[in-house]
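Asker: Coordinates in my_file29.txt, compact mmCIF, C-alpha atoms, are listed below.
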```
# COMPACT_ATOMS: atom_id res chain seq x y z
CA MET A 1 -30.65 -34.58 0.80
CA ASN A 2 -27.43 -36.67 0.89
CA GLU A 3 -25.59 -38.84 3.42
CA HIS A 4 -24.42 -35.66 5.24
CA GLY A 5 -28.07 -34.83 6.11
CA HIS A 6 -28.14 -31.63 4.03
CA ASP A 7 -27.62 -30.47 0.44
CA HIS A 8 -24.06 -29.55 -0.41
CA GLY A 9 -23.57 -25.85 -1.06
CA TYR A 10 -22.95 -26.32 -4.78
CA VAL A 11 -26.22 -28.19 -5.43
CA ALA A 12 -28.10 -24.92 -5.94
CA ASP A 13 -25.71 -24.07 -8.79
CA LYS A 14 -25.41 -27.61 -10.16
CA GLU A 15 -26.48 -26.74 -13.71
CA ALA A 16 -23.99 -23.87 -13.89
CA TYR A 17 -21.15 -26.12 -12.71
CA LEU A 18 -22.15 -28.87 -15.19
CA LYS A 19 -22.17 -26.33 -18.04
CA ARG A 20 -18.70 -25.08 -17.08
CA LEU A 21 -17.36 -28.64 -16.81
CA ARG A 22 -18.76 -29.59 -20.22
CA ARG A 23 -17.06 -26.52 -21.69
CA ILE A 24 -13.75 -27.48 -20.03
CA GLU A 25 -14.14 -31.03 -21.39
CA GLY A 26 -14.59 -29.56 -24.88
CA GLN A 27 -11.52 -27.34 -24.42
CA VAL A 28 -9.41 -30.39 -23.48
CA ARG A 29 -10.68 -32.17 -26.60
CA GLY A 30 -9.71 -29.04 -28.56
CA ILE A 31 -6.16 -29.19 -27.16
CA ALA A 32 -5.88 -32.81 -28.33
CA LYS A 33 -7.02 -31.68 -31.79
CA MET A 34 -4.27 -29.01 -31.78
CA VAL A 35 -1.67 -31.67 -30.95
CA GLU A 36 -3.03 -33.92 -33.73
CA ASN A 37 -2.72 -31.02 -36.20
CA ASP A 38 0.89 -30.18 -35.22
CA THR A 39 -0.19 -26.77 -33.96
CA TYR A 40 2.61 -24.47 -32.74
CA CYS A 41 3.63 -25.35 -29.15
CA ILE A 42 3.05 -21.84 -27.75
CA ASP A 43 -0.55 -21.80 -29.00
CA ILE A 44 -1.22 -25.14 -27.30
CA LEU A 45 0.36 -23.88 -24.07
CA THR A 46 -1.93 -20.83 -24.19
CA GLN A 47 -4.97 -23.09 -24.37
CA VAL A 48 -3.75 -25.31 -21.52
CA SER A 49 -3.31 -22.22 -19.31
CA ALA A 50 -6.88 -21.17 -20.16
CA VAL A 51 -8.23 -24.60 -19.12
CA THR A 52 -6.21 -24.51 -15.89
CA LYS A 53 -7.70 -21.11 -15.05
CA ALA A 54 -11.23 -22.38 -15.79
CA LEU A 55 -10.67 -25.39 -13.50
CA GLN A 56 -9.28 -23.08 -10.81
CA ALA A 57 -12.45 -20.98 -10.96
CA VAL A 58 -14.57 -24.13 -10.54
CA SER A 59 -12.51 -25.10 -7.50
CA LEU A 60 -12.80 -21.66 -5.91
CA GLY A 61 -16.57 -21.73 -6.47
CA LEU A 62 -16.96 -25.18 -4.93
CA LEU A 63 -14.78 -24.16 -1.99
CA ASP A 64 -16.79 -21.00 -1.35
CA ASP A 65 -20.03 -23.01 -1.47
CA HIS A 66 -18.53 -25.62 0.86
CA LEU A 67 -17.40 -23.05 3.43
CA ALA A 68 -20.77 -21.28 3.30
CA SER A 69 -22.78 -24.44 3.82
CA CYS A 70 -21.03 -27.57 5.10
CA VAL A 71 -18.41 -25.78 7.26
CA VAL A 72 -20.81 -23.19 8.68
CA ASP A 73 -23.48 -25.84 9.41
CA ALA A 74 -20.91 -28.04 11.14
CA ALA A 75 -19.62 -25.09 13.19
CA ARG A 76 -23.13 -24.47 14.43
CA SER A 77 -23.88 -28.09 15.25
CA SER A 78 -20.84 -28.94 17.43
CA THR A 79 -17.24 -27.92 18.19
CA ASP A 80 -15.91 -31.30 17.06
CA GLU A 81 -17.82 -31.23 13.77
CA GLY A 82 -16.72 -27.67 13.15
CA GLU A 83 -13.06 -28.55 13.77
CA GLU A 84 -13.25 -31.61 11.50
CA LYS A 85 -14.80 -29.62 8.64
CA VAL A 86 -12.20 -26.82 8.99
CA ARG A 87 -9.39 -29.40 9.00
CA GLU A 88 -10.81 -30.95 5.81
CA ALA A 89 -11.32 -27.57 4.11
CA SER A 90 -7.77 -26.46 4.97
CA ALA A 91 -6.35 -29.66 3.45
CA ALA A 92 -8.39 -29.07 0.27
CA ILE A 93 -7.15 -25.45 0.12
CA ALA A 94 -3.54 -26.66 0.47
CA ARG A 95 -4.01 -29.13 -2.41
CA LEU A 96 -5.56 -26.37 -4.51
CA VAL A 97 -2.76 -23.91 -3.75
CA ARG A 98 -0.10 -26.51 -4.50
CA SER A 99 -1.67 -27.78 -7.72
CA MET B 1 -8.32 -9.11 22.80
CA ASN B 2 -8.48 -7.02 19.58
CA GLU B 3 -11.06 -4.83 17.81
CA HIS B 4 -12.89 -8.03 16.69
CA GLY B 5 -13.66 -8.88 20.34
CA HIS B 6 -11.58 -12.08 20.31
CA ASP B 7 -8.00 -13.20 19.72
CA HIS B 8 -7.23 -14.11 16.11
CA GLY B 9 -6.55 -17.78 15.57
CA TYR B 10 -2.84 -17.28 14.89
CA VAL B 11 -2.14 -15.43 18.15
CA ALA B 12 -1.57 -18.70 20.01
CA ASP B 13 1.25 -19.50 17.54
CA LYS B 14 2.58 -15.97 17.22
CA GLU B 15 6.16 -16.81 18.20
CA ALA B 16 6.29 -19.67 15.69
CA TYR B 17 5.02 -17.40 12.90
CA LEU B 18 7.50 -14.65 13.85
CA LYS B 19 10.37 -17.16 13.80
CA ARG B 20 9.35 -18.39 10.33
CA LEU B 21 9.01 -14.83 9.01
CA ARG B 22 12.45 -13.86 10.34
CA ARG B 23 13.91 -16.90 8.59
CA ILE B 24 12.15 -15.92 5.33
CA GLU B 25 13.49 -12.38 5.69
CA GLY B 26 17.00 -13.82 6.05
CA GLN B 27 16.47 -16.00 2.97
CA VAL B 28 15.45 -12.96 0.90
CA ARG B 29 18.60 -11.16 2.11
CA GLY B 30 20.55 -14.27 1.07
CA ILE B 31 19.06 -14.09 -2.44
CA ALA B 32 20.19 -10.46 -2.73
CA LYS B 33 23.68 -11.57 -1.69
CA MET B 34 23.64 -14.22 -4.46
CA VAL B 35 22.71 -11.54 -7.02
CA GLU B 36 25.49 -9.27 -5.72
CA ASN B 37 27.97 -12.14 -6.10
CA ASP B 38 26.93 -12.97 -9.71
CA THR B 39 25.72 -16.41 -8.60
CA TYR B 40 24.45 -18.68 -11.39
CA CYS B 41 20.83 -17.85 -12.30
CA ILE B 42 19.49 -21.37 -11.73
CA ASP B 43 20.84 -21.43 -8.16
CA ILE B 44 19.12 -18.11 -7.41
CA LEU B 45 15.85 -19.40 -8.92
CA THR B 46 16.06 -22.46 -6.66
CA GLN B 47 16.30 -20.21 -3.61
CA VAL B 48 13.40 -18.02 -4.73
CA SER B 49 11.20 -21.13 -5.15
CA ALA B 50 12.15 -22.19 -1.60
CA VAL B 51 11.13 -18.78 -0.19
CA THR B 52 7.84 -18.89 -2.13
CA LYS B 53 7.06 -22.31 -0.64
CA ALA B 54 7.89 -21.05 2.87
CA LEU B 55 5.55 -18.07 2.38
CA GLN B 56 2.85 -20.38 1.04
CA ALA B 57 3.10 -22.50 4.20
CA VAL B 58 2.72 -19.37 6.36
CA SER B 59 -0.40 -18.41 4.36
CA LEU B 60 -1.94 -21.86 4.68
CA GLY B 61 -1.29 -21.83 8.43
CA LEU B 62 -2.84 -18.39 8.90
CA LEU B 63 -5.83 -19.41 6.78
CA ASP B 64 -6.39 -22.59 8.78
CA ASP B 65 -6.21 -20.61 12.03
CA HIS B 66 -8.60 -18.00 10.61
CA LEU B 67 -11.16 -20.59 9.53
CA ALA B 68 -10.95 -22.38 12.88
CA SER B 69 -11.44 -19.23 14.92
CA CYS B 70 -12.78 -16.10 13.24
CA VAL B 71 -14.98 -17.88 10.66
CA VAL B 72 -16.33 -20.51 13.07
CA ASP B 73 -17.01 -17.88 15.77
CA ALA B 74 -18.83 -15.67 13.26
CA ALA B 75 -20.90 -18.62 12.00
CA ARG B 76 -22.04 -19.27 15.55
CA SER B 77 -22.86 -15.66 16.32
CA SER B 78 -25.13 -14.81 13.35
CA THR B 79 -25.97 -15.82 9.78
CA ASP B 80 -24.90 -12.44 8.43
CA GLU B 81 -21.55 -12.49 10.25
CA GLY B 82 -20.95 -16.04 9.11
CA GLU B 83 -21.65 -15.13 5.48
CA GLU B 84 -19.39 -12.06 5.64
CA LYS B 85 -16.49 -14.03 7.10
CA VAL B 86 -16.88 -16.81 4.49
CA ARG B 87 -16.98 -14.22 1.69
CA GLU B 88 -13.78 -12.64 3.04
CA ALA B 89 -12.04 -16.03 3.49
CA SER B 90 -12.96 -17.12 -0.05
CA ALA B 91 -11.52 -13.90 -1.49
CA ALA B 92 -8.29 -14.46 0.47
CA ILE B 93 -8.14 -18.08 -0.79
CA ALA B 94 -8.60 -16.85 -4.39
CA ARG B 95 -5.73 -14.35 -3.98
CA LEU B 96 -3.56 -17.11 -2.50
CA VAL B 97 -4.38 -19.57 -5.30
CA ARG B 98 -3.70 -16.95 -7.98
CA SER B 99 -0.46 -15.66 -6.49
CA MET C 1 33.06 -12.53 -16.15
CA ASN C 2 32.20 -15.59 -13.97
CA GLU C 3 33.10 -19.29 -13.88
CA HIS C 4 30.73 -19.88 -16.84
CA GLY C 5 32.94 -17.66 -19.06
CA HIS C 6 30.28 -15.01 -19.60
CA ASP C 7 28.13 -12.62 -17.58
CA HIS C 8 24.77 -14.05 -16.51
CA GLY C 9 21.84 -12.41 -18.22
CA TYR C 10 20.63 -10.67 -15.07
CA VAL C 11 23.93 -8.89 -14.38
CA ALA C 12 22.94 -5.98 -16.63
CA ASP C 13 19.88 -5.40 -14.39
CA LYS C 14 21.59 -6.20 -11.10
CA GLU C 15 20.73 -2.91 -9.41
CA ALA C 16 17.06 -3.24 -10.36
CA TYR C 17 16.93 -6.80 -8.95
CA LEU C 18 18.68 -5.72 -5.75
CA LYS C 19 16.23 -2.84 -5.31
CA ARG C 20 13.25 -5.22 -5.75
CA LEU C 21 14.73 -7.75 -3.32
CA ARG C 22 15.35 -5.07 -0.68
CA ARG C 23 11.71 -3.99 -1.05
CA ILE C 24 10.53 -7.60 -0.67
CA GLU C 25 12.73 -7.97 2.42
CA GLY C 26 11.04 -4.87 3.88
CA GLN C 27 7.60 -6.27 3.05
CA VAL C 28 8.41 -9.51 4.91
CA ARG C 29 9.54 -7.44 7.90
CA GLY C 30 6.25 -5.56 7.61
CA ILE C 31 4.29 -8.83 7.75
CA ALA C 32 6.13 -9.78 10.95
CA LYS C 33 5.17 -6.38 12.39
CA MET C 34 1.50 -7.09 11.51
CA VAL C 35 1.69 -10.43 13.35
CA GLU C 36 3.29 -8.73 16.36
CA ASN C 37 0.47 -6.19 16.41
CA ASP C 38 -2.31 -8.81 16.24
CA THR C 39 -3.43 -7.48 12.87
CA TYR C 40 -6.53 -9.12 11.35
CA CYS C 41 -5.60 -12.42 9.62
CA ILE C 42 -7.12 -11.46 6.24
CA ASP C 43 -5.01 -8.28 6.06
CA ILE C 44 -1.84 -10.30 6.74
CA LEU C 45 -2.82 -12.84 4.07
CA THR C 46 -3.29 -10.01 1.57
CA GLN C 47 0.28 -8.83 2.25
CA VAL C 48 1.71 -12.35 1.94
CA SER C 49 0.02 -12.74 -1.47
CA ALA C 50 1.57 -9.43 -2.56
CA VAL C 51 5.06 -10.62 -1.53
CA THR C 52 4.54 -13.94 -3.32
CA LYS C 53 3.59 -12.09 -6.52
CA ALA C 54 6.66 -9.82 -6.21
CA LEU C 55 8.92 -12.88 -5.81
CA GLN C 56 7.23 -14.51 -8.79
CA ALA C 57 8.01 -11.46 -10.92
CA VAL C 58 11.68 -11.64 -9.86
CA SER C 59 11.77 -15.32 -10.84
CA LEU C 60 10.17 -14.70 -14.23
CA GLY C 61 12.66 -11.89 -14.89
CA LEU C 62 15.66 -14.03 -13.93
CA LEU C 63 14.34 -16.90 -16.07
CA ASP C 64 13.85 -14.67 -19.09
CA ASP C 65 17.38 -13.30 -18.69
CA HIS C 66 18.73 -16.84 -18.29
CA LEU C 67 17.00 -18.12 -21.43
CA ALA C 68 18.14 -15.08 -23.45
CA SER C 69 21.78 -15.41 -22.40
CA CYS C 70 22.99 -18.66 -20.84
CA VAL C 71 20.63 -20.99 -22.76
CA VAL C 72 21.00 -19.24 -26.12
CA ASP C 73 24.81 -19.03 -25.76
CA ALA C 74 24.97 -22.73 -24.88
CA ALA C 75 22.74 -23.65 -27.84
CA ARG C 76 25.14 -21.87 -30.15
CA SER C 77 28.27 -23.38 -28.68
CA SER C 78 27.34 -27.10 -28.83
CA THR C 79 24.40 -29.52 -28.95
CA ASP C 80 25.37 -31.08 -25.65
CA GLU C 81 25.68 -27.74 -23.86
CA GLY C 82 22.39 -26.59 -25.34
CA GLU C 83 20.61 -29.75 -24.16
CA GLU C 84 22.10 -29.47 -20.65
CA LYS C 85 21.04 -25.84 -20.28
CA VAL C 86 17.50 -26.60 -21.53
CA ARG C 87 17.25 -29.52 -19.10
CA GLU C 88 18.32 -27.24 -16.24
CA ALA C 89 15.95 -24.42 -17.30
CA SER C 90 13.00 -26.83 -17.58
CA ALA C 91 13.67 -28.15 -14.06
CA ALA C 92 13.77 -24.57 -12.73
CA ILE C 93 10.49 -23.78 -14.54
CA ALA C 94 8.88 -26.88 -12.99
CA ARG C 95 9.98 -25.79 -9.48
CA LEU C 96 8.63 -22.31 -10.16
CA VAL C 97 5.29 -23.60 -11.44
CA ARG C 98 4.93 -25.96 -8.48
CA SER C 99 5.90 -23.44 -5.83
CA MET D 1 7.15 -30.47 -41.50
CA ASN D 2 4.95 -27.45 -40.58
CA GLU D 3 4.83 -23.75 -41.44
CA HIS D 4 7.85 -23.17 -39.14
CA GLY D 5 9.99 -25.33 -41.43
CA HIS D 6 10.66 -28.00 -38.84
CA ASP D 7 8.73 -30.45 -36.64
CA HIS D 8 7.75 -29.08 -33.24
CA GLY D 9 9.55 -30.71 -30.36
CA TYR D 10 6.44 -32.51 -29.09
CA VAL D 11 5.68 -34.24 -32.39
CA ALA D 12 7.98 -37.16 -31.50
CA ASP D 13 5.82 -37.78 -28.38
CA LYS D 14 2.48 -37.01 -30.00
CA GLU D 15 0.84 -40.30 -29.13
CA ALA D 16 1.88 -40.00 -25.49
CA TYR D 17 0.45 -36.47 -25.27
CA LEU D 18 -2.80 -37.55 -26.95
CA LYS D 19 -3.15 -40.44 -24.50
CA ARG D 20 -2.64 -38.10 -21.53
CA LEU D 21 -5.14 -35.57 -22.92
CA ARG D 22 -7.77 -38.27 -23.49
CA ARG D 23 -7.29 -39.38 -19.87
CA ILE D 24 -7.67 -35.78 -18.64
CA GLU D 25 -10.80 -35.40 -20.76
CA GLY D 26 -12.20 -38.54 -19.07
CA GLN D 27 -11.31 -37.17 -15.64
CA VAL D 28 -13.20 -33.93 -16.37
CA ARG D 29 -16.22 -36.01 -17.44
CA GLY D 30 -15.81 -37.92 -14.17
CA ILE D 31 -15.95 -34.68 -12.17
CA ALA D 32 -19.18 -33.73 -13.93
CA LYS D 33 -20.59 -37.14 -12.97
CA MET D 34 -19.62 -36.47 -9.31
CA VAL D 35 -21.47 -33.13 -9.43
CA GLU D 36 -24.52 -34.83 -10.98
CA ASN D 37 -24.49 -37.41 -8.17
CA ASP D 38 -24.26 -34.79 -5.36
CA THR D 39 -20.85 -36.14 -4.36
CA TYR D 40 -19.28 -34.50 -1.27
CA CYS D 41 -17.57 -31.19 -2.19
CA ILE D 42 -14.16 -32.13 -0.78
CA ASP D 43 -14.01 -35.29 -2.93
CA ILE D 44 -14.78 -33.25 -6.05
CA LEU D 45 -12.11 -30.70 -5.11
CA THR D 46 -9.59 -33.52 -4.74
CA GLN D 47 -10.34 -34.66 -8.29
CA VAL D 48 -10.10 -31.14 -9.72
CA SER D 49 -6.65 -30.73 -8.10
CA ALA D 50 -5.58 -34.04 -9.71
CA VAL D 51 -6.69 -32.81 -13.16
CA THR D 52 -4.92 -29.49 -12.66
CA LYS D 53 -1.69 -31.34 -11.81
CA ALA D 54 -2.06 -33.57 -14.90
CA LEU D 55 -2.53 -30.50 -17.11
CA GLN D 56 0.47 -28.84 -15.48
CA ALA D 57 2.61 -31.87 -16.34
CA VAL D 58 1.45 -31.66 -19.98
CA SER D 59 2.42 -27.98 -20.06
CA LEU D 60 5.85 -28.59 -18.57
CA GLY D 61 6.46 -31.35 -21.10
CA LEU D 62 5.41 -29.20 -24.05
CA LEU D 63 7.55 -26.32 -22.75
CA ASP D 64 10.60 -28.54 -22.37
CA ASP D 65 10.13 -29.88 -25.90
CA HIS D 66 9.65 -26.34 -27.20
CA LEU D 67 12.83 -25.04 -25.54
CA ALA D 68 14.83 -28.02 -26.77
CA SER D 69 13.70 -27.68 -30.39
CA CYS D 70 12.09 -24.44 -31.52
CA VAL D 71 14.04 -22.11 -29.18
CA VAL D 72 17.40 -23.83 -29.67
CA ASP D 73 16.94 -23.99 -33.47
CA ALA D 74 16.02 -20.31 -33.57
CA ALA D 75 19.03 -19.37 -31.42
CA ARG D 76 21.29 -21.12 -33.88
CA SER D 77 19.72 -19.58 -36.98
CA SER D 78 19.86 -15.87 -36.01
CA THR D 79 20.05 -13.49 -33.04
CA ASP D 80 16.69 -11.94 -33.90
CA GLU D 81 14.93 -15.31 -34.20
CA GLY D 82 16.53 -16.45 -30.97
CA GLU D 83 15.36 -13.34 -29.13
CA GLU D 84 11.82 -13.65 -30.51
CA LYS D 85 11.52 -17.30 -29.48
CA VAL D 86 12.86 -16.55 -25.97
CA ARG D 87 10.40 -13.64 -25.62
CA GLU D 88 7.54 -15.95 -26.64
CA ALA D 89 8.68 -18.78 -24.34
CA SER D 90 9.02 -16.40 -21.36
CA ALA D 91 5.48 -15.11 -21.94
CA ALA D 92 4.18 -18.70 -22.04
CA ILE D 93 6.08 -19.50 -18.81
CA ALA D 94 4.54 -16.44 -17.12
CA ARG D 95 1.02 -17.54 -18.16
CA LEU D 96 1.75 -21.04 -16.86
CA VAL D 97 3.13 -19.76 -13.53
CA ARG D 98 0.16 -17.43 -13.08
CA SER D 99 -2.50 -19.96 -14.02
```
Turn this file's structure into structure tokens for me.
Answerer:
Amino acid sequence: MNEHGHDHGYVADKEAYLKRLRRIEGQVRGIAKMVENDTYCIDILTQVSAVTKALQAVSLGLLDDHLASCVVDAARSSTDEGEEKVREASAAIARLVRS
Amino acid sequence: MNEHGHDHGYVADKEAYLKRLRRIEGQVRGIAKMVENDTYCIDILTQVSAVTKALQAVSLGLLDDHLASCVVDAARSSTDEGEEKVREASAAIARLVRS
Amino acid sequence: MNEHGHDHGYVADKEAYLKRLRRIEGQVRGIAKMVENDTYCIDILTQVSAVTKALQAVSLGLLDDHLASCVVDAARSSTDEGEEKVREASAAIARLVRS
Amino acid sequence: MNEHGHDHGYVADKEAYLKRLRRIEGQVRGIAKMVENDTYCIDILTQVSAVTKALQAVSLGLLDDHLASCVVDAARSSTDEGEEKVREASAAIARLVRS
């Protein structure tokens, strides 16, 4: 239980998210290695696109979990809480779309 | 009132959305005119990026309206309906992020 | 021949680009029709993502044509012209990536 | 000098790229720490968007360097080499735009 009085949606899949993030961390280290070894630019760019896609998938997962738990719970508890959570989620979606 | 038993979130702003879409339609026509007139490629690309941003803003607005009305209403009516609406919204967000 | 002393790369495919742009224009009109008819938000969002993808494909085509003609020609004519065209192309790519 | 017979464009800025990649690697580790600590979903999403933007900037830099060196050099050496490098660069741009 956290300061929001309930577990965040992603907590049930915490280990899966941590595994994916460790893999992404390793991929970023791998890109640095490619730069160190003067690897051909296009090959580095291909790897960076792969990491961006992996991060995107993490974001979409977290967002889905957030909508399904925090936003739905807030909608059920009060109109104001529901509106605040939707406002927050929409701002996060805008950042994600524009990144 | 529509087949979902309530007005969609965007209906209150319908005129604003229609105005924005007409403007986007005009911008696309303008891009075609640039191509017809052998305009410099970079200038055309600048216009296409502007139209893409305008479309993105329409999507983010519709999504925010959808979350605030359809998804919140469903969450309040039943667990199953809430889950279905969140699943649908997350799939739409994924398409938006990946387009 | 235009003010840049050569045909832009896309000119050879002008009809194909015009056909795609007319189709996109029709799709935007179709989205406005959906809004007028109180169509379900998710279905409208699906159409907007399709239009965004179609615009993206137009941009990538124009960019490829631009690199293959304007940028390559400039690179062959002088170092300064080559650098200016690359600078311009990179700025257009950044706008495209961030839109 | 590498197997392509010249230094890749980014080699002159290698240290700067390595510094940025190490920072990104640290940010990804930071996100994992947030997940471990049950941090609020929206705050994690904000961080992921920041990392995605940082990666995007690395890609745009590498692409600019690549156009200014590898593609320009190839354009000057032969038509075939120029075309091949443009084809490759356009494919990398498409992956970047779609990631």
Asker: Using all atoms listed in the file, what table do you get, as CSV, when you list each residue of chain B with an atom no more than 12 Å from chain A, its nearest pair of atoms, and their distance in Å rounded to one decimal, rows by chain then rising number?
Answerer:
```
residue,atom,partner,partner_atom,distance
B:Thr52,CA,A:Arg98,CA,11.3
B:Lys53,CA,A:Arg98,CA,9.2
B:Leu55,CA,A:Val97,CA,11.9
B:Gln56,CA,A:Val97,CA,8.2
B:Ala57,CA,A:Ala94,CA,8.7
B:Val58,CA,A:Ala94,CA,11.3
B:Ser59,CA,A:Ala94,CA,9.6
B:Leu60,CA,A:Ala94,CA,6.6
B:Gly61,CA,A:Ser90,CA,8.7
B:Leu62,CA,A:Ser90,CA,10.2
B:Leu63,CA,A:Ser90,CA,7.5
B:Asp64,CA,A:Ser90,CA,5.6
B:Asp65,CA,A:Val86,CA,9.1
B:His66,CA,A:Val86,CA,9.7
B:Leu67,CA,A:Val86,CA,6.3
B:Ala68,CA,A:Val86,CA,6.0
B:Ser69,CA,A:Glu83,CA,9.5
B:Cys70,CA,A:Ala75,CA,11.3
B:Val71,CA,A:Val72,CA,8.1
B:Val72,CA,A:Ala75,CA,5.6
B:Asp73,CA,A:Ala75,CA,8.1
B:Ala74,CA,A:Val72,CA,9.0
B:Ala75,CA,A:Val72,CA,5.6
B:Arg76,CA,A:Arg76,CA,5.4
B:Ser77,CA,A:Arg76,CA,9.0
B:Ser78,CA,A:Arg76,CA,9.9
B:Thr79,CA,A:Val72,CA,9.1
B:Asp80,CA,A:Ala68,CA,11.0
B:Glu81,CA,A:Val72,CA,10.8
B:Gly82,CA,A:Val72,CA,7.2
B:Glu83,CA,A:Ala68,CA,6.6
B:Glu84,CA,A:Ala68,CA,9.6
B:Lys85,CA,A:Ala68,CA,9.2
B:Val86,CA,A:Ala68,CA,6.0
B:Arg87,CA,A:Asp64,CA,7.4
B:Glu88,CA,A:Asp64,CA,9.9
B:Ala89,CA,A:Asp64,CA,8.4
B:Ser90,CA,A:Asp64,CA,5.6
B:Ala91,CA,A:Asp64,CA,8.8
B:Ala92,CA,A:Leu60,CA,10.6
B:Ile93,CA,A:Ile93,CA,7.5
B:Ala94,CA,A:Leu60,CA,6.6
B:Arg95,CA,A:Val97,CA,10.0
B:Leu96,CA,A:Val97,CA,7.0
B:Val97,CA,A:Val97,CA,4.9
B:Arg98,CA,A:Val97,CA,8.2
B:Ser99,CA,A:Val97,CA,9.0
```
Asker: How would you write as an MDAnalysis selection string the residues that get within 9 Å of (11.1, -19.0, 3.0) in the file's frame, counting only C-alpha atoms?
Answerer: chainID B and resid 20:21 23:28 47:57
Asker: Output chain C as a tab-separated table (two decimals) with C-alpha atoms, in the coordinates of the input, after least-squares fitting it to chain B on all in-order C-alpha pairs.
Answerer:
```
chain	number	residue	atom	x	y	z
C	1	MET	CA	-8.30	-9.11	22.82
C	2	ASN	CA	-8.50	-7.01	19.60
C	3	GLU	CA	-11.09	-4.83	17.85
C	4	HIS	CA	-12.91	-8.01	16.70
C	5	GLY	CA	-13.66	-8.91	20.35
C	6	HIS	CA	-11.58	-12.08	20.33
C	7	ASP	CA	-7.99	-13.18	19.72
C	8	HIS	CA	-7.22	-14.09	16.10
C	9	GLY	CA	-6.55	-17.76	15.60
C	10	TYR	CA	-2.85	-17.26	14.90
C	11	VAL	CA	-2.13	-15.42	18.15
C	12	ALA	CA	-1.56	-18.70	20.00
C	13	ASP	CA	1.26	-19.50	17.52
C	14	LYS	CA	2.59	-15.96	17.22
C	15	GLU	CA	6.16	-16.81	18.19
C	16	ALA	CA	6.30	-19.66	15.68
C	17	TYR	CA	5.03	-17.37	12.88
C	18	LEU	CA	7.50	-14.64	13.83
C	19	LYS	CA	10.37	-17.15	13.80
C	20	ARG	CA	9.35	-18.38	10.31
C	21	LEU	CA	9.01	-14.82	9.00
C	22	ARG	CA	12.44	-13.85	10.35
C	23	ARG	CA	13.90	-16.90	8.57
C	24	ILE	CA	12.16	-15.92	5.32
C	25	GLU	CA	13.49	-12.37	5.70
C	26	GLY	CA	17.01	-13.82	6.04
C	27	GLN	CA	16.48	-16.01	2.96
C	28	VAL	CA	15.46	-12.95	0.90
C	29	ARG	CA	18.61	-11.17	2.11
C	30	GLY	CA	20.54	-14.27	1.07
C	31	ILE	CA	19.07	-14.10	-2.44
C	32	ALA	CA	20.20	-10.47	-2.73
C	33	LYS	CA	23.69	-11.59	-1.67
C	34	MET	CA	23.64	-14.24	-4.45
C	35	VAL	CA	22.72	-11.56	-7.01
C	36	GLU	CA	25.51	-9.31	-5.71
C	37	ASN	CA	27.98	-12.16	-6.10
C	38	ASP	CA	26.94	-12.99	-9.69
C	39	THR	CA	25.73	-16.41	-8.60
C	40	TYR	CA	24.46	-18.72	-11.38
C	41	CYS	CA	20.83	-17.84	-12.30
C	42	ILE	CA	19.49	-21.38	-11.73
C	43	ASP	CA	20.83	-21.45	-8.15
C	44	ILE	CA	19.12	-18.12	-7.41
C	45	LEU	CA	15.85	-19.40	-8.91
C	46	THR	CA	16.05	-22.47	-6.67
C	47	GLN	CA	16.30	-20.21	-3.60
C	48	VAL	CA	13.40	-18.02	-4.74
C	49	SER	CA	11.20	-21.13	-5.14
C	50	ALA	CA	12.14	-22.19	-1.60
C	51	VAL	CA	11.12	-18.77	-0.21
C	52	THR	CA	7.85	-18.87	-2.15
C	53	LYS	CA	7.05	-22.30	-0.66
C	54	ALA	CA	7.88	-21.05	2.86
C	55	LEU	CA	5.55	-18.05	2.38
C	56	GLN	CA	2.85	-20.37	1.06
C	57	ALA	CA	3.11	-22.49	4.20
C	58	VAL	CA	2.71	-19.36	6.36
C	59	SER	CA	-0.39	-18.39	4.37
C	60	LEU	CA	-1.94	-21.85	4.67
C	61	GLY	CA	-1.28	-21.82	8.43
C	62	LEU	CA	-2.83	-18.37	8.89
C	63	LEU	CA	-5.84	-19.40	6.78
C	64	ASP	CA	-6.39	-22.57	8.78
C	65	ASP	CA	-6.21	-20.59	12.02
C	66	HIS	CA	-8.60	-17.99	10.60
C	67	LEU	CA	-11.17	-20.58	9.52
C	68	ALA	CA	-10.95	-22.39	12.88
C	69	SER	CA	-11.44	-19.22	14.92
C	70	CYS	CA	-12.78	-16.09	13.23
C	71	VAL	CA	-14.99	-17.88	10.66
C	72	VAL	CA	-16.33	-20.51	13.06
C	73	ASP	CA	-17.01	-17.89	15.78
C	74	ALA	CA	-18.83	-15.69	13.26
C	75	ALA	CA	-20.90	-18.65	12.00
C	76	ARG	CA	-22.05	-19.30	15.54
C	77	SER	CA	-22.87	-15.70	16.34
C	78	SER	CA	-25.13	-14.86	13.35
C	79	THR	CA	-25.96	-15.84	9.77
C	80	ASP	CA	-24.91	-12.46	8.45
C	81	GLU	CA	-21.56	-12.50	10.25
C	82	GLY	CA	-20.94	-16.06	9.11
C	83	GLU	CA	-21.65	-15.15	5.48
C	84	GLU	CA	-19.41	-12.07	5.64
C	85	LYS	CA	-16.49	-14.02	7.09
C	86	VAL	CA	-16.88	-16.81	4.49
C	87	ARG	CA	-16.98	-14.21	1.71
C	88	GLU	CA	-13.78	-12.64	3.05
C	89	ALA	CA	-12.04	-16.02	3.49
C	90	SER	CA	-12.97	-17.12	-0.04
C	91	ALA	CA	-11.53	-13.89	-1.49
C	92	ALA	CA	-8.29	-14.46	0.46
C	93	ILE	CA	-8.14	-18.07	-0.80
C	94	ALA	CA	-8.60	-16.85	-4.39
C	95	ARG	CA	-5.72	-14.35	-3.99
C	96	LEU	CA	-3.57	-17.10	-2.51
C	97	VAL	CA	-4.37	-19.55	-5.31
C	98	ARG	CA	-3.71	-16.92	-7.97
C	99	SER	CA	-0.47	-15.65	-6.49
```
